[in-house]
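What follows is the content of target12.txt, which has compact mmCIF, C-alpha atoms and all ligand atoms:
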```txt
# COMPACT_ATOMS: atom_id res chain seq x y z
CA MET R 25 -23.78 5.63 -17.98
CA SER R 26 -20.26 6.44 -19.16
CA ASN R 27 -17.61 3.75 -19.49
CA PRO R 28 -15.31 3.10 -16.54
CA SER R 29 -11.87 4.67 -16.93
CA LEU R 30 -8.52 2.96 -16.44
CA LEU R 31 -5.10 4.60 -16.48
CA ILE R 32 -2.36 2.18 -17.48
CA LEU R 33 1.20 2.84 -16.31
CA PRO R 34 3.41 0.06 -17.72
CA GLY R 35 6.63 1.40 -16.19
CA ASP R 36 10.00 -0.30 -16.61
CA GLY R 37 11.66 -3.64 -17.32
CA ILE R 38 9.09 -6.41 -17.69
CA GLY R 39 6.28 -3.94 -16.81
CA PRO R 40 5.52 -3.06 -20.46
CA GLU R 41 5.93 -6.73 -21.49
CA VAL R 42 3.33 -8.08 -19.08
CA MET R 43 1.06 -5.07 -19.65
CA ALA R 44 0.94 -5.75 -23.39
CA GLN R 45 -0.82 -9.03 -22.60
CA VAL R 46 -3.29 -7.30 -20.30
CA ARG R 47 -4.11 -4.83 -23.11
CA ARG R 48 -5.11 -7.80 -25.28
CA ILE R 49 -7.33 -9.10 -22.50
CA ILE R 50 -8.97 -5.72 -21.97
CA ASP R 51 -9.70 -5.63 -25.72
CA TRP R 52 -11.16 -9.13 -25.49
CA PHE R 53 -13.63 -8.03 -22.79
CA GLY R 54 -14.58 -5.03 -24.95
CA ASP R 55 -15.16 -7.15 -28.07
CA LYS R 56 -16.63 -10.32 -26.60
CA ARG R 57 -18.35 -9.16 -23.39
CA ASP R 58 -19.28 -5.65 -24.44
CA LEU R 59 -17.36 -4.40 -21.43
CA LYS R 60 -16.02 -1.08 -22.66
CA ILE R 61 -13.30 0.53 -20.62
CA ASP R 62 -11.81 3.93 -21.46
CA VAL R 63 -8.11 3.15 -21.33
CA SER R 64 -5.41 5.80 -21.26
CA GLU R 65 -1.70 5.20 -20.89
CA ASP R 66 1.15 7.19 -19.38
CA LEU R 67 4.68 6.92 -18.01
CA VAL R 68 5.90 6.09 -14.52
CA GLY R 69 9.24 5.23 -12.95
CA GLY R 70 12.41 5.18 -15.00
CA ALA R 71 10.43 5.62 -18.21
CA ALA R 72 8.96 8.87 -16.85
CA TYR R 73 12.39 9.98 -15.63
CA ASP R 74 13.86 9.42 -19.12
CA ALA R 75 11.10 11.53 -20.68
CA HIS R 76 10.55 14.23 -18.05
CA GLY R 77 13.37 14.06 -15.49
CA THR R 78 10.90 12.95 -12.80
CA PRO R 79 9.57 9.46 -11.98
CA LEU R 80 6.00 10.80 -11.98
CA HIS R 81 4.92 13.90 -13.87
CA ASP R 82 2.35 16.11 -12.11
CA ASP R 83 -0.03 15.65 -15.07
CA THR R 84 0.14 11.88 -14.62
CA MET R 85 -0.52 12.27 -10.90
CA ALA R 86 -3.56 14.43 -11.70
CA LYS R 87 -4.87 11.85 -14.19
CA ALA R 88 -4.46 9.08 -11.62
CA GLN R 89 -6.65 11.05 -9.22
CA GLU R 90 -9.43 11.35 -11.80
CA VAL R 91 -9.79 7.83 -13.20
CA ASP R 92 -11.79 4.96 -11.72
CA ALA R 93 -8.66 2.83 -11.44
CA VAL R 94 -4.93 2.72 -12.19
CA LEU R 95 -3.10 -0.41 -13.37
CA LEU R 96 0.66 -0.29 -12.92
CA GLY R 97 3.26 -2.73 -14.32
CA ALA R 98 6.53 -2.34 -12.43
CA VAL R 99 9.18 0.31 -11.85
CA GLY R 100 12.93 0.36 -11.35
CA GLY R 101 16.07 -1.14 -12.76
CA PRO R 102 19.86 -1.00 -12.55
CA LYS R 103 20.03 1.80 -15.12
CA TYR R 104 18.52 4.10 -12.50
CA ASP R 105 20.67 3.05 -9.54
CA VAL R 106 22.88 6.11 -10.00
CA LEU R 107 20.01 8.60 -9.74
CA ASP R 108 19.49 10.81 -6.74
CA PHE R 109 17.14 9.16 -4.21
CA SER R 110 14.48 11.83 -4.77
CA VAL R 111 14.02 10.92 -8.45
CA LYS R 112 14.49 7.15 -8.30
CA PRO R 113 11.75 5.18 -10.15
CA GLU R 114 10.39 3.79 -6.86
CA ARG R 115 9.60 7.35 -5.69
CA GLY R 116 7.01 7.60 -8.49
CA LEU R 117 5.18 4.55 -7.23
CA LEU R 118 5.35 5.71 -3.61
CA ARG R 119 3.99 9.13 -4.59
CA LEU R 120 1.00 7.52 -6.31
CA ARG R 121 0.25 5.42 -3.23
CA LYS R 122 0.65 8.35 -0.84
CA GLU R 123 -1.20 11.06 -2.77
CA MET R 124 -4.07 8.74 -3.72
CA ASP R 125 -4.09 7.70 -0.02
CA LEU R 126 -4.23 4.00 -0.91
CA TYR R 127 -3.88 2.75 2.63
CA ALA R 128 -5.06 -0.85 2.22
CA ASN R 129 -2.89 -3.05 0.02
CA LEU R 130 -4.59 -6.38 -0.59
CA ARG R 131 -2.12 -9.11 -1.53
CA PRO R 132 -3.85 -12.44 -2.00
CA ALA R 133 -1.72 -15.58 -2.10
CA GLN R 134 -3.62 -18.41 -3.67
CA CYS R 135 -2.08 -21.67 -4.72
CA PHE R 136 -3.55 -22.86 -7.99
CA ASP R 137 -3.99 -26.63 -7.79
CA ALA R 138 -1.93 -27.15 -10.91
CA LEU R 139 1.05 -25.45 -9.27
CA ALA R 140 0.93 -27.18 -5.87
CA ASP R 141 3.91 -29.37 -6.75
CA PHE R 142 5.86 -26.42 -7.99
CA SER R 143 6.05 -24.50 -4.71
CA SER R 144 9.30 -24.85 -2.82
CA LEU R 145 7.18 -26.20 0.06
CA LYS R 146 5.49 -29.60 0.12
CA ARG R 147 2.18 -30.08 -1.73
CA ASP R 148 0.28 -30.74 1.53
CA VAL R 149 1.45 -27.43 2.95
CA VAL R 150 0.28 -25.28 0.03
CA ALA R 151 -2.48 -27.17 -1.86
CA GLY R 152 -5.72 -25.22 -1.61
CA LEU R 153 -4.01 -22.25 0.04
CA ASP R 154 -6.05 -19.04 -0.09
CA ILE R 155 -4.86 -16.26 2.19
CA MET R 156 -5.05 -12.49 1.99
CA ILE R 157 -2.35 -10.21 3.32
CA VAL R 158 -3.60 -6.70 4.03
CA ARG R 159 -0.56 -4.44 4.11
CA GLU R 160 -0.82 -0.86 5.38
CA LEU R 161 0.57 1.15 2.48
CA THR R 162 0.71 4.88 3.17
CA SER R 163 2.47 5.22 6.50
CA GLY R 164 4.90 3.48 8.83
CA ILE R 165 8.63 3.44 8.27
CA TYR R 166 8.21 4.12 4.53
CA PHE R 167 7.01 7.66 5.20
CA GLY R 168 7.73 8.53 8.86
CA GLU R 169 9.76 11.63 9.79
CA PRO R 170 12.56 12.26 10.63
CA ARG R 171 14.27 10.47 7.80
CA GLY R 172 17.50 10.96 5.92
CA ILE R 173 21.25 10.57 6.10
CA PHE R 174 22.82 13.04 8.53
CA GLU R 175 26.27 13.97 9.81
CA GLU R 176 26.72 13.03 13.47
CA GLY R 177 30.12 13.75 14.95
CA ASN R 178 32.67 12.32 12.56
CA GLU R 179 30.38 9.82 10.88
CA ARG R 180 27.03 9.67 9.09
CA VAL R 181 23.79 8.24 10.44
CA GLY R 182 20.88 6.88 8.37
CA ILE R 183 17.45 7.43 9.91
CA ASN R 184 13.96 6.17 9.14
CA THR R 185 11.07 6.40 11.53
CA GLN R 186 8.28 3.94 12.19
CA ARG R 187 5.22 6.05 12.96
CA TYR R 188 1.54 5.12 13.12
CA THR R 189 -1.42 7.15 14.32
CA GLU R 190 -4.48 5.47 15.82
CA SER R 191 -6.65 6.46 12.88
CA GLU R 192 -4.18 4.99 10.38
CA ILE R 193 -4.29 1.67 12.23
CA GLU R 194 -8.08 1.80 12.65
CA ARG R 195 -8.84 2.22 8.95
CA VAL R 196 -6.62 -0.60 7.73
CA ALA R 197 -7.91 -2.85 10.52
CA ARG R 198 -11.48 -2.18 9.31
CA SER R 199 -10.45 -3.12 5.75
CA ALA R 200 -9.07 -6.42 7.06
CA PHE R 201 -12.16 -7.23 9.17
CA GLU R 202 -14.52 -6.35 6.28
CA LEU R 203 -12.59 -8.68 3.97
CA ALA R 204 -12.52 -11.45 6.56
CA ARG R 205 -16.31 -11.34 6.85
CA ARG R 206 -16.54 -12.14 3.13
CA ARG R 207 -13.94 -14.93 3.41
CA GLY R 208 -12.99 -17.23 6.30
CA ASN R 209 -13.95 -14.75 9.07
CA LYS R 210 -10.49 -14.81 10.66
CA VAL R 211 -7.90 -12.04 11.06
CA CYS R 212 -4.35 -12.43 12.36
CA SER R 213 -2.64 -9.12 13.12
CA MET R 214 1.16 -9.06 13.00
CA GLU R 215 3.57 -6.55 14.58
CA LYS R 216 6.45 -6.59 17.03
CA ALA R 217 4.76 -5.33 20.17
CA ASN R 218 7.53 -7.02 22.13
CA VAL R 219 10.12 -4.50 20.92
CA MET R 220 8.32 -1.56 19.27
CA GLU R 221 5.97 1.00 20.82
CA SER R 222 4.28 1.39 17.45
CA GLY R 223 3.61 -2.35 17.68
CA ILE R 224 2.01 -1.95 21.11
CA LEU R 225 -0.30 0.74 19.75
CA TRP R 226 -1.02 -1.37 16.64
CA ARG R 227 -2.08 -4.34 18.77
CA GLU R 228 -4.26 -2.24 21.09
CA VAL R 229 -6.04 -0.42 18.28
CA VAL R 230 -6.70 -3.55 16.20
CA GLN R 231 -8.13 -5.23 19.31
CA LYS R 232 -10.35 -2.21 20.06
CA VAL R 233 -11.71 -2.01 16.50
CA HIS R 234 -12.42 -5.72 16.74
CA ASP R 235 -14.18 -5.57 20.12
CA GLU R 236 -16.29 -2.53 19.22
CA GLU R 237 -17.19 -3.28 15.59
CA TYR R 238 -16.20 -6.79 14.51
CA ALA R 239 -16.60 -9.07 17.53
CA ASP R 240 -18.07 -11.72 15.18
CA VAL R 241 -14.67 -12.08 13.45
CA GLU R 242 -12.02 -14.31 15.04
CA LEU R 243 -8.94 -12.20 15.87
CA SER R 244 -5.45 -13.32 16.87
CA HIS R 245 -2.16 -11.46 17.26
CA MET R 246 1.30 -12.70 16.36
CA TYR R 247 4.79 -11.24 16.40
CA ALA R 248 5.79 -10.68 12.79
CA ASP R 249 8.94 -12.80 13.00
CA ALA R 250 6.94 -15.74 14.34
CA GLY R 251 4.36 -14.97 11.65
CA ALA R 252 7.02 -15.37 8.96
CA MET R 253 7.89 -18.77 10.42
CA GLN R 254 4.22 -19.82 10.62
CA LEU R 255 3.66 -18.70 7.00
CA CYS R 256 6.29 -21.24 5.92
CA ARG R 257 5.32 -23.93 8.47
CA TRP R 258 1.55 -24.12 7.97
CA PRO R 259 0.18 -21.18 5.94
CA LYS R 260 -3.33 -22.61 5.78
CA GLN R 261 -3.87 -21.62 9.42
CA PHE R 262 -4.35 -18.05 8.13
CA ASP R 263 -7.26 -16.35 6.41
CA VAL R 264 -6.59 -12.58 6.51
CA ILE R 265 -3.30 -11.20 7.84
CA VAL R 266 -3.16 -7.48 8.64
CA THR R 267 0.19 -5.85 9.14
CA ASP R 268 2.21 -2.68 8.66
CA ASN R 269 3.91 -1.35 5.55
CA LEU R 270 7.36 -2.94 5.94
CA PHE R 271 6.33 -6.25 7.51
CA GLY R 272 3.65 -6.54 4.82
CA ASP R 273 6.24 -6.01 2.09
CA LEU R 274 8.40 -8.83 3.44
CA LEU R 275 5.62 -11.24 4.36
CA SER R 276 3.91 -10.89 0.97
CA ASP R 277 7.09 -11.72 -0.96
CA ALA R 278 7.48 -14.78 1.27
CA ALA R 279 3.83 -15.70 0.63
CA ALA R 280 4.52 -15.42 -3.10
CA MET R 281 6.74 -18.46 -2.99
CA LEU R 282 3.91 -20.48 -1.46
CA THR R 283 2.08 -20.03 -4.75
CA GLY R 284 5.00 -21.09 -6.92
CA SER R 285 6.32 -17.81 -8.29
CA LEU R 286 6.43 -14.11 -7.66
CA GLY R 287 5.13 -13.87 -11.22
CA MET R 288 1.73 -15.11 -9.99
CA LEU R 289 0.82 -12.55 -7.32
CA PRO R 290 -1.54 -9.65 -8.00
CA SER R 291 -2.42 -6.82 -5.63
CA ALA R 292 -5.01 -4.11 -5.14
CA SER R 293 -4.25 -0.89 -3.29
CA LEU R 294 -7.46 0.68 -2.08
CA GLY R 295 -8.32 4.04 -0.50
CA ALA R 296 -11.44 5.83 0.58
CA PRO R 297 -14.65 5.57 -1.48
CA MET R 298 -14.98 7.98 -4.42
CA ALA R 299 -18.18 9.69 -5.59
CA ASN R 300 -19.18 6.51 -7.47
CA GLY R 301 -19.05 4.56 -4.21
CA ARG R 302 -16.04 2.51 -5.34
CA PRO R 303 -12.70 2.89 -3.56
CA LYS R 304 -9.91 4.93 -5.08
CA ALA R 305 -7.68 2.20 -6.45
CA MET R 306 -4.45 1.14 -8.04
CA TYR R 307 -3.75 -2.43 -9.12
CA GLU R 308 -0.26 -3.83 -9.54
CA PRO R 309 1.59 -7.12 -9.55
CA VAL R 310 3.59 -7.74 -6.39
CA HIS R 311 6.73 -8.38 -8.43
CA GLY R 312 9.15 -5.76 -9.70
CA SER R 313 10.71 -4.95 -13.05
CA ALA R 314 12.80 -8.19 -13.06
CA PRO R 315 15.89 -6.72 -14.78
CA ASP R 316 17.44 -10.20 -15.00
CA ILE R 317 14.83 -11.35 -17.54
CA ALA R 318 13.61 -8.04 -19.02
CA GLY R 319 13.53 -7.80 -22.81
CA GLN R 320 13.66 -11.56 -23.30
CA GLY R 321 9.96 -12.38 -23.56
CA LYS R 322 10.25 -14.65 -20.52
CA ALA R 323 8.16 -12.78 -17.96
CA ASN R 324 5.06 -14.39 -16.55
CA PRO R 325 2.14 -12.00 -17.20
CA ILE R 326 -0.26 -13.77 -14.81
CA ALA R 327 0.33 -11.45 -11.81
CA CYS R 328 -0.56 -8.47 -13.98
CA ILE R 329 -3.51 -10.29 -15.57
CA LEU R 330 -4.85 -11.21 -12.13
CA SER R 331 -4.33 -7.61 -11.01
CA PHE R 332 -6.68 -6.59 -13.82
CA ALA R 333 -9.13 -9.25 -12.56
CA MET R 334 -9.02 -7.52 -9.17
CA ALA R 335 -9.80 -4.22 -10.92
CA LEU R 336 -12.82 -5.86 -12.56
CA ARG R 337 -14.00 -7.00 -9.13
CA TYR R 338 -13.22 -4.03 -6.87
CA SER R 339 -13.41 -1.03 -9.23
CA PHE R 340 -15.68 -1.96 -12.13
CA ASP R 341 -18.33 -4.01 -10.30
CA GLN R 342 -17.74 -6.94 -12.64
CA GLY R 343 -17.30 -9.81 -10.19
CA ALA R 344 -18.61 -12.41 -12.66
CA GLU R 345 -16.14 -11.30 -15.35
CA ALA R 346 -13.32 -11.33 -12.77
CA ASP R 347 -14.31 -14.94 -11.96
CA ARG R 348 -14.23 -15.71 -15.69
CA LEU R 349 -10.72 -14.32 -16.07
CA GLU R 350 -9.42 -16.10 -12.96
CA ALA R 351 -10.96 -19.36 -14.16
CA ALA R 352 -9.27 -18.90 -17.55
CA VAL R 353 -5.89 -18.52 -15.80
CA ALA R 354 -6.57 -21.65 -13.69
CA LYS R 355 -7.53 -23.58 -16.86
CA VAL R 356 -4.32 -22.59 -18.65
CA LEU R 357 -2.25 -23.76 -15.68
CA GLU R 358 -4.20 -27.04 -15.51
CA ASP R 359 -3.43 -27.55 -19.19
CA GLY R 360 0.27 -27.36 -18.32
CA VAL R 361 1.06 -24.04 -19.98
CA ARG R 362 4.11 -22.63 -18.19
CA THR R 363 6.33 -19.59 -18.45
CA ALA R 364 9.96 -20.24 -17.52
CA ASP R 365 9.53 -19.19 -13.88
CA LEU R 366 6.99 -22.02 -13.39
CA LEU R 367 9.09 -24.77 -14.83
CA GLY R 368 9.76 -27.74 -12.64
CA GLU R 369 8.42 -30.67 -14.57
CA GLU R 370 10.78 -32.48 -16.88
CA GLY R 371 10.19 -32.14 -20.58
CA VAL R 372 7.86 -29.12 -20.43
CA GLU R 373 8.80 -26.38 -22.88
CA PRO R 374 8.16 -22.89 -21.53
CA VAL R 375 5.96 -20.47 -23.43
CA SER R 376 6.86 -16.82 -23.89
CA THR R 377 5.05 -13.91 -22.24
CA GLU R 378 2.98 -13.56 -25.39
CA GLY R 379 2.41 -17.34 -25.53
CA MET R 380 0.89 -17.16 -22.05
CA GLY R 381 -1.30 -14.26 -23.25
CA ASP R 382 -2.42 -16.38 -26.23
CA ALA R 383 -3.32 -19.26 -23.92
CA VAL R 384 -5.36 -17.09 -21.55
CA LEU R 385 -7.22 -15.54 -24.52
CA ALA R 386 -7.96 -19.01 -25.90
CA ALA R 387 -9.29 -20.08 -22.49
CA LEU R 388 -11.45 -16.93 -22.37
CA ASP R 389 -12.84 -17.78 -25.83
CA ALA R 390 -13.60 -21.29 -24.60
CA SER R 391 -15.51 -19.85 -21.63
CA LEU R 392 -18.18 -18.28 -23.86
P1 LIG R 401 11.74 -8.45 -8.85
O1 LIG R 401 10.37 -8.78 -8.35
O2 LIG R 401 11.82 -7.53 -9.98
O3 LIG R 401 12.50 -9.82 -9.22
C1 LIG R 401 12.79 -10.85 -8.27
C2 LIG R 401 12.99 -12.19 -9.01
O4 LIG R 401 11.71 -12.67 -9.44
C3 LIG R 401 13.84 -12.07 -10.27
O5 LIG R 401 14.62 -13.22 -10.41
C4 LIG R 401 12.82 -11.99 -11.40
O6 LIG R 401 13.28 -12.48 -12.63
C5 LIG R 401 11.68 -12.85 -10.85
N1 LIG R 401 10.39 -12.35 -11.35
C6 LIG R 401 9.71 -11.27 -10.91
N2 LIG R 401 8.59 -11.10 -11.61
C7 LIG R 401 8.55 -12.10 -12.52
C8 LIG R 401 7.63 -12.46 -13.55
N3 LIG R 401 6.50 -11.75 -13.78
N4 LIG R 401 7.90 -13.53 -14.30
C9 LIG R 401 9.00 -14.26 -14.10
N5 LIG R 401 9.91 -13.99 -13.14
C10 LIG R 401 9.69 -12.91 -12.36
O7 LIG R 401 12.54 -7.88 -7.58
P2 LIG R 401 14.02 -7.24 -7.52
O8 LIG R 401 14.91 -7.92 -8.49
O9 LIG R 401 14.32 -7.21 -6.09
O10 LIG R 401 13.81 -5.73 -7.98
C11 LIG R 401 14.06 -5.25 -9.31
C12 LIG R 401 13.58 -3.82 -9.43
O11 LIG R 401 12.16 -3.77 -9.30
C13 LIG R 401 14.13 -2.90 -8.35
O12 LIG R 401 14.41 -1.66 -8.94
C14 LIG R 401 12.98 -2.78 -7.36
O13 LIG R 401 12.97 -1.58 -6.62
C15 LIG R 401 11.81 -2.85 -8.30
N6 LIG R 401 10.56 -3.31 -7.68
C16 LIG R 401 9.43 -2.69 -8.15
C17 LIG R 401 8.20 -3.11 -7.69
C18 LIG R 401 6.98 -2.44 -8.24
O14 LIG R 401 7.09 -1.73 -9.22
N7 LIG R 401 5.83 -2.63 -7.65
C19 LIG R 401 8.11 -4.18 -6.79
C20 LIG R 401 9.29 -4.81 -6.38
C21 LIG R 401 10.52 -4.35 -6.83
C1 LIG R 402 6.43 -3.54 -3.58
C2 LIG R 402 7.80 -2.98 -3.83
C3 LIG R 402 7.82 -1.52 -3.42
C4 LIG R 402 7.67 -1.43 -1.92
C5 LIG R 402 9.02 -0.67 -3.88
C6 LIG R 402 9.35 -0.87 -5.31
C7 LIG R 402 8.79 0.76 -3.58
O1 LIG R 402 8.76 -3.74 -3.17
O2 LIG R 402 5.46 -3.01 -4.13
O3 LIG R 402 6.31 -4.55 -2.88
O4 LIG R 402 8.66 -1.59 -1.17
O5 LIG R 402 6.55 -1.23 -1.46
MN MN R 403 7.98 -5.58 -2.24
```

As structure tokens - that is how I would like this structure written.
Ligand code: NAD
Ligand code: IPM
Ligand code: MN
Amino acid sequence: MSNPSLLILPGDGIGPEVMAQVRRIIDWFGDKRDLKIDVSEDLVGGAAYDAHGTPLHDDTMAKAQEVDAVLLGAVGGPKYDVLDFSVKPERGLLRLRKEMDLYANLRPAQCFDALADFSSLKRDVVAGLDIMIVRELTSGIYFGEPRGIFEEGNERVGINTQRYTESEIERVARSAFELARRRGNKVCSMEKANVMESGILWREVVQKVHDEEYADVELSHMYADAGAMQLCRWPKQFDVIVTDNLFGDLLSDAAAMLTGSLGMLPSASLGAPMANGRPKAMYEPVHGSAPDIAGQGKANPIACILSFAMALRYSFDQGAEADRLEAAVAKVLEDGVRTADLLGEEGVEPVSTEGMGDAVLAALDASL
């Protein structure tokens, strides 16, 4: 059997910094676990714009369609604020998601025990937290038509459209129910059916998929604003949350703070199964290019490292090795190794991005 293939797109800002640590970890699995992955690398976002005048070259798009998985760092930055909307770095990322049809974005928020005191919420509220936000990723207000800035009378109007078809809701609902069956068997669906027709349809379709195919899973519905409040009040009431593209974006950043830092949160964006039976997939940290700390060796690489762990689990059929990598990250945090974003305790010196990579590699060595 040929090796699995992985396309790495480091992107901008701290993207290449955190990705450099993941490269070391991929090499470690090749050397020490005989897990050979065919890695290729290319440009995305501002880096691709600088080289090609587009945030995603067609050749890169074609490569992404062929590989078993894509791992992306982050895109964007102030340098590109002046660009036309159509070539902004973020458009490259959105094109990847849309053309690969990665409709189910899995954003787990897990609170590592060692970080429970570091969250901005009380220890009791977050200790042991393990929730999964399933964000619809290829439709909704991010892609709906009409969109644009238009002249209307003597002023301009900015328009975006929230649009969901039944089949788009059905497929992401199925992803959420399937995940719930392998976890705590509970799904909470969030929308605003009280003010949006798309929310009414969302609620109806999720309920129908539940009743017809997943009656064994506990389903509840919540308005997304109340859901945001409940996420901060008592997040452990949730197991799987399924929601639309925009609400999922907001709720998952909020959930990030439950875990201590945005620098901790990985994600997997999954589409339909490929010929090998595995879903089409792209893995990426939830965080962005962090321009405020880029180039300073301060970035926490854990979100990107855990995104690679998700690739091991969902794309490469290496659940045991994913467990090994996640355990190595937990061990490093228990040992008190901290990048600057995780500092709270007095007298703890932060390690650099590379220092965190060193620590995870040492913990991996110790796991053998
Ligand atoms: P951001 O996630 O880049 O940063 C928010 C805050 O979190 C910053 O203070 C940053 O320093 C901190 N942070 C983020 N990741 C960190 C890490 N790994 N280690 C330590 N600290 C970390 O969000 P932003 O500032 O709103 O956006 C900056 C740029 O990134 C924008 O251009 C935005 O569009 C883009 N963005 C890209 C992605 C992506 O590529 N998937 C996601 C979000 C934002
Ligand atoms: C994310 C980001 C992206 C989004 C941007 C950069 C396009 O915020 O991945 O959460 O809004 O989806
Ligand atoms: Mn976001």

Range 215-217 of chain R surroundings by all atoms listed in the file, 7 Å radius, close-in-sequence under 4 positions cut, as a JSON list (two decimals) with C-alpha atoms, in the coordinates of the input:
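Final output, saved to result-v4.json:
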```json
[["chain", "number", "residue", "atom", "x", "y", "z"],
["R", 221, "GLU", "CA", 5.97, 1.00, 20.82],
["R", 223, "GLY", "CA", 3.61, -2.35, 17.68],
["R", 224, "ILE", "CA", 2.01, -1.95, 21.11],
["R", 246, "MET", "CA", 1.30, -12.70, 16.36],
["R", 247, "TYR", "CA", 4.79, -11.24, 16.40],
["R", 248, "ALA", "CA", 5.79, -10.68, 12.79],
["R", 267, "THR", "CA", 0.19, -5.85, 9.14]]
```

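Comparing the minimum interatomic distances between Ser331 in chain R and each of R:Gly379, R:Gly97, R:Pro297, R:Pro303, counting all atoms listed in the file, we find that R:Gly97 sits nearest.
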
Mind pulling up the distance from CA of Met306 in chain R to CA of Ala98 in chain R?
12.3 Å

Close residues to ligand MN 403 (chain R) using all atoms listed in the file, limit 7 Å, as a ChimeraX atom specification
/R:273-274,277,310-311

Only C-alpha atoms, please: the residues just picked out, written as a tab-separated table (two decimals), in the coordinates of the input.
```
chain	number	residue	atom	x	y	z
R	273	ASP	CA	6.24	-6.01	2.09
R	274	LEU	CA	8.40	-8.83	3.44
R	277	ASP	CA	7.09	-11.72	-0.96
R	310	VAL	CA	3.59	-7.74	-6.39
R	311	HIS	CA	6.73	-8.38	-8.43
```

Environment of ligand LIG 402 (chain R) within 10 Å, counting only C-alpha atoms and all ligand atoms, reported as a PyMOL selection string
chain R and resi 69+98-100+112-119+121+129+131+159+161-162+166+269-270+272-277+291+293+308-313

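If you look at CA of Ala318 in chain R and CA of Asp137 in chain R, they are 28.0 Å away from each other.
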
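With distances taken over all atoms listed in the file, R:Glu345 is the one residue among R:Glu176, R:Asp249, R:Glu345, R:Asp55 lying closest to Ser391 in chain R.
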
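Taking CA of Ile265 in chain R and CA of Ser222 in chain R as endpoints, the distance between them is 17.6 Å.
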
So which residues fall inside 12 Å of (4.1, -24.5, 5.8) if we count only C-alpha atoms? Mind giving them as a JSON list (two decimals) with C-alpha atoms, in the coordinates of the input?
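Below is the file result33.json, written as the result:
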```json
[["chain", "number", "residue", "atom", "x", "y", "z"],
["R", 143, "SER", "CA", 6.05, -24.50, -4.71],
["R", 144, "SER", "CA", 9.30, -24.85, -2.82],
["R", 145, "LEU", "CA", 7.18, -26.20, 0.06],
["R", 146, "LYS", "CA", 5.49, -29.60, 0.12],
["R", 147, "ARG", "CA", 2.18, -30.08, -1.73],
["R", 148, "ASP", "CA", 0.28, -30.74, 1.53],
["R", 149, "VAL", "CA", 1.45, -27.43, 2.95],
["R", 150, "VAL", "CA", 0.28, -25.28, 0.03],
["R", 151, "ALA", "CA", -2.48, -27.17, -1.86],
["R", 153, "LEU", "CA", -4.01, -22.25, 0.04],
["R", 251, "GLY", "CA", 4.36, -14.97, 11.65],
["R", 252, "ALA", "CA", 7.02, -15.37, 8.96],
["R", 253, "MET", "CA", 7.89, -18.77, 10.42],
["R", 254, "GLN", "CA", 4.22, -19.82, 10.62],
["R", 255, "LEU", "CA", 3.66, -18.70, 7.00],
["R", 256, "CYS", "CA", 6.29, -21.24, 5.92],
["R", 257, "ARG", "CA", 5.32, -23.93, 8.47],
["R", 258, "TRP", "CA", 1.55, -24.12, 7.97],
["R", 259, "PRO", "CA", 0.18, -21.18, 5.94],
["R", 260, "LYS", "CA", -3.33, -22.61, 5.78],
["R", 261, "GLN", "CA", -3.87, -21.62, 9.42],
["R", 262, "PHE", "CA", -4.35, -18.05, 8.13],
["R", 278, "ALA", "CA", 7.48, -14.78, 1.27],
["R", 279, "ALA", "CA", 3.83, -15.70, 0.63],
["R", 281, "MET", "CA", 6.74, -18.46, -2.99],
["R", 282, "LEU", "CA", 3.91, -20.48, -1.46],
["R", 283, "THR", "CA", 2.08, -20.03, -4.75]]
```

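Within 9 Å of the point (-2.9, -11.4, 15.8), counting all atoms listed in the file, the protein and nucleic acid residues come to Val211, Cys212, Ser213, Met214, Glu215, Arg227, Val230, Gln231, Leu243, Ser244, His245, Met246, Tyr247, Ile265 and Val266 of chain R.
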
I'd like the box whose edges run along x, y and z of the file and which contains every listed atom of ligand LIG 401 (chain R), padded by 8 Å per side; could you state its centre and edge lengths in Å, one decimal, as AutoDock Vina command-line options?
```
--center_x 10.4 --center_y -7.9 --center_z -10.2 --size_x 25.1 --size_y 28.7 --size_z 24.2
```

Find, counting all atoms listed in the file, the residue in R:Leu286, R:Ala200, R:Ile32, R:Ala292 that gets nearest to ligand LIG 401 (chain R).
R:Leu286

Write out as a JSON list (two decimals) with C-alpha atoms, keeping the file's coordinate frame each polymer residue whose atoms come within 8 Å of Pro34 in chain R, counting only C-alpha atoms; drop sequence neighbours fewer than 5 positions from it.
```
[["chain", "number", "residue", "atom", "x", "y", "z"],
["R", 39, "GLY", "CA", 6.28, -3.94, -16.81],
["R", 40, "PRO", "CA", 5.52, -3.06, -20.46],
["R", 43, "MET", "CA", 1.06, -5.07, -19.65],
["R", 65, "GLU", "CA", -1.70, 5.20, -20.89],
["R", 66, "ASP", "CA", 1.15, 7.19, -19.38],
["R", 67, "LEU", "CA", 4.68, 6.92, -18.01],
["R", 68, "VAL", "CA", 5.90, 6.09, -14.52],
["R", 95, "LEU", "CA", -3.10, -0.41, -13.37],
["R", 96, "LEU", "CA", 0.66, -0.29, -12.92],
["R", 97, "GLY", "CA", 3.26, -2.73, -14.32],
["R", 98, "ALA", "CA", 6.53, -2.34, -12.43]]
```
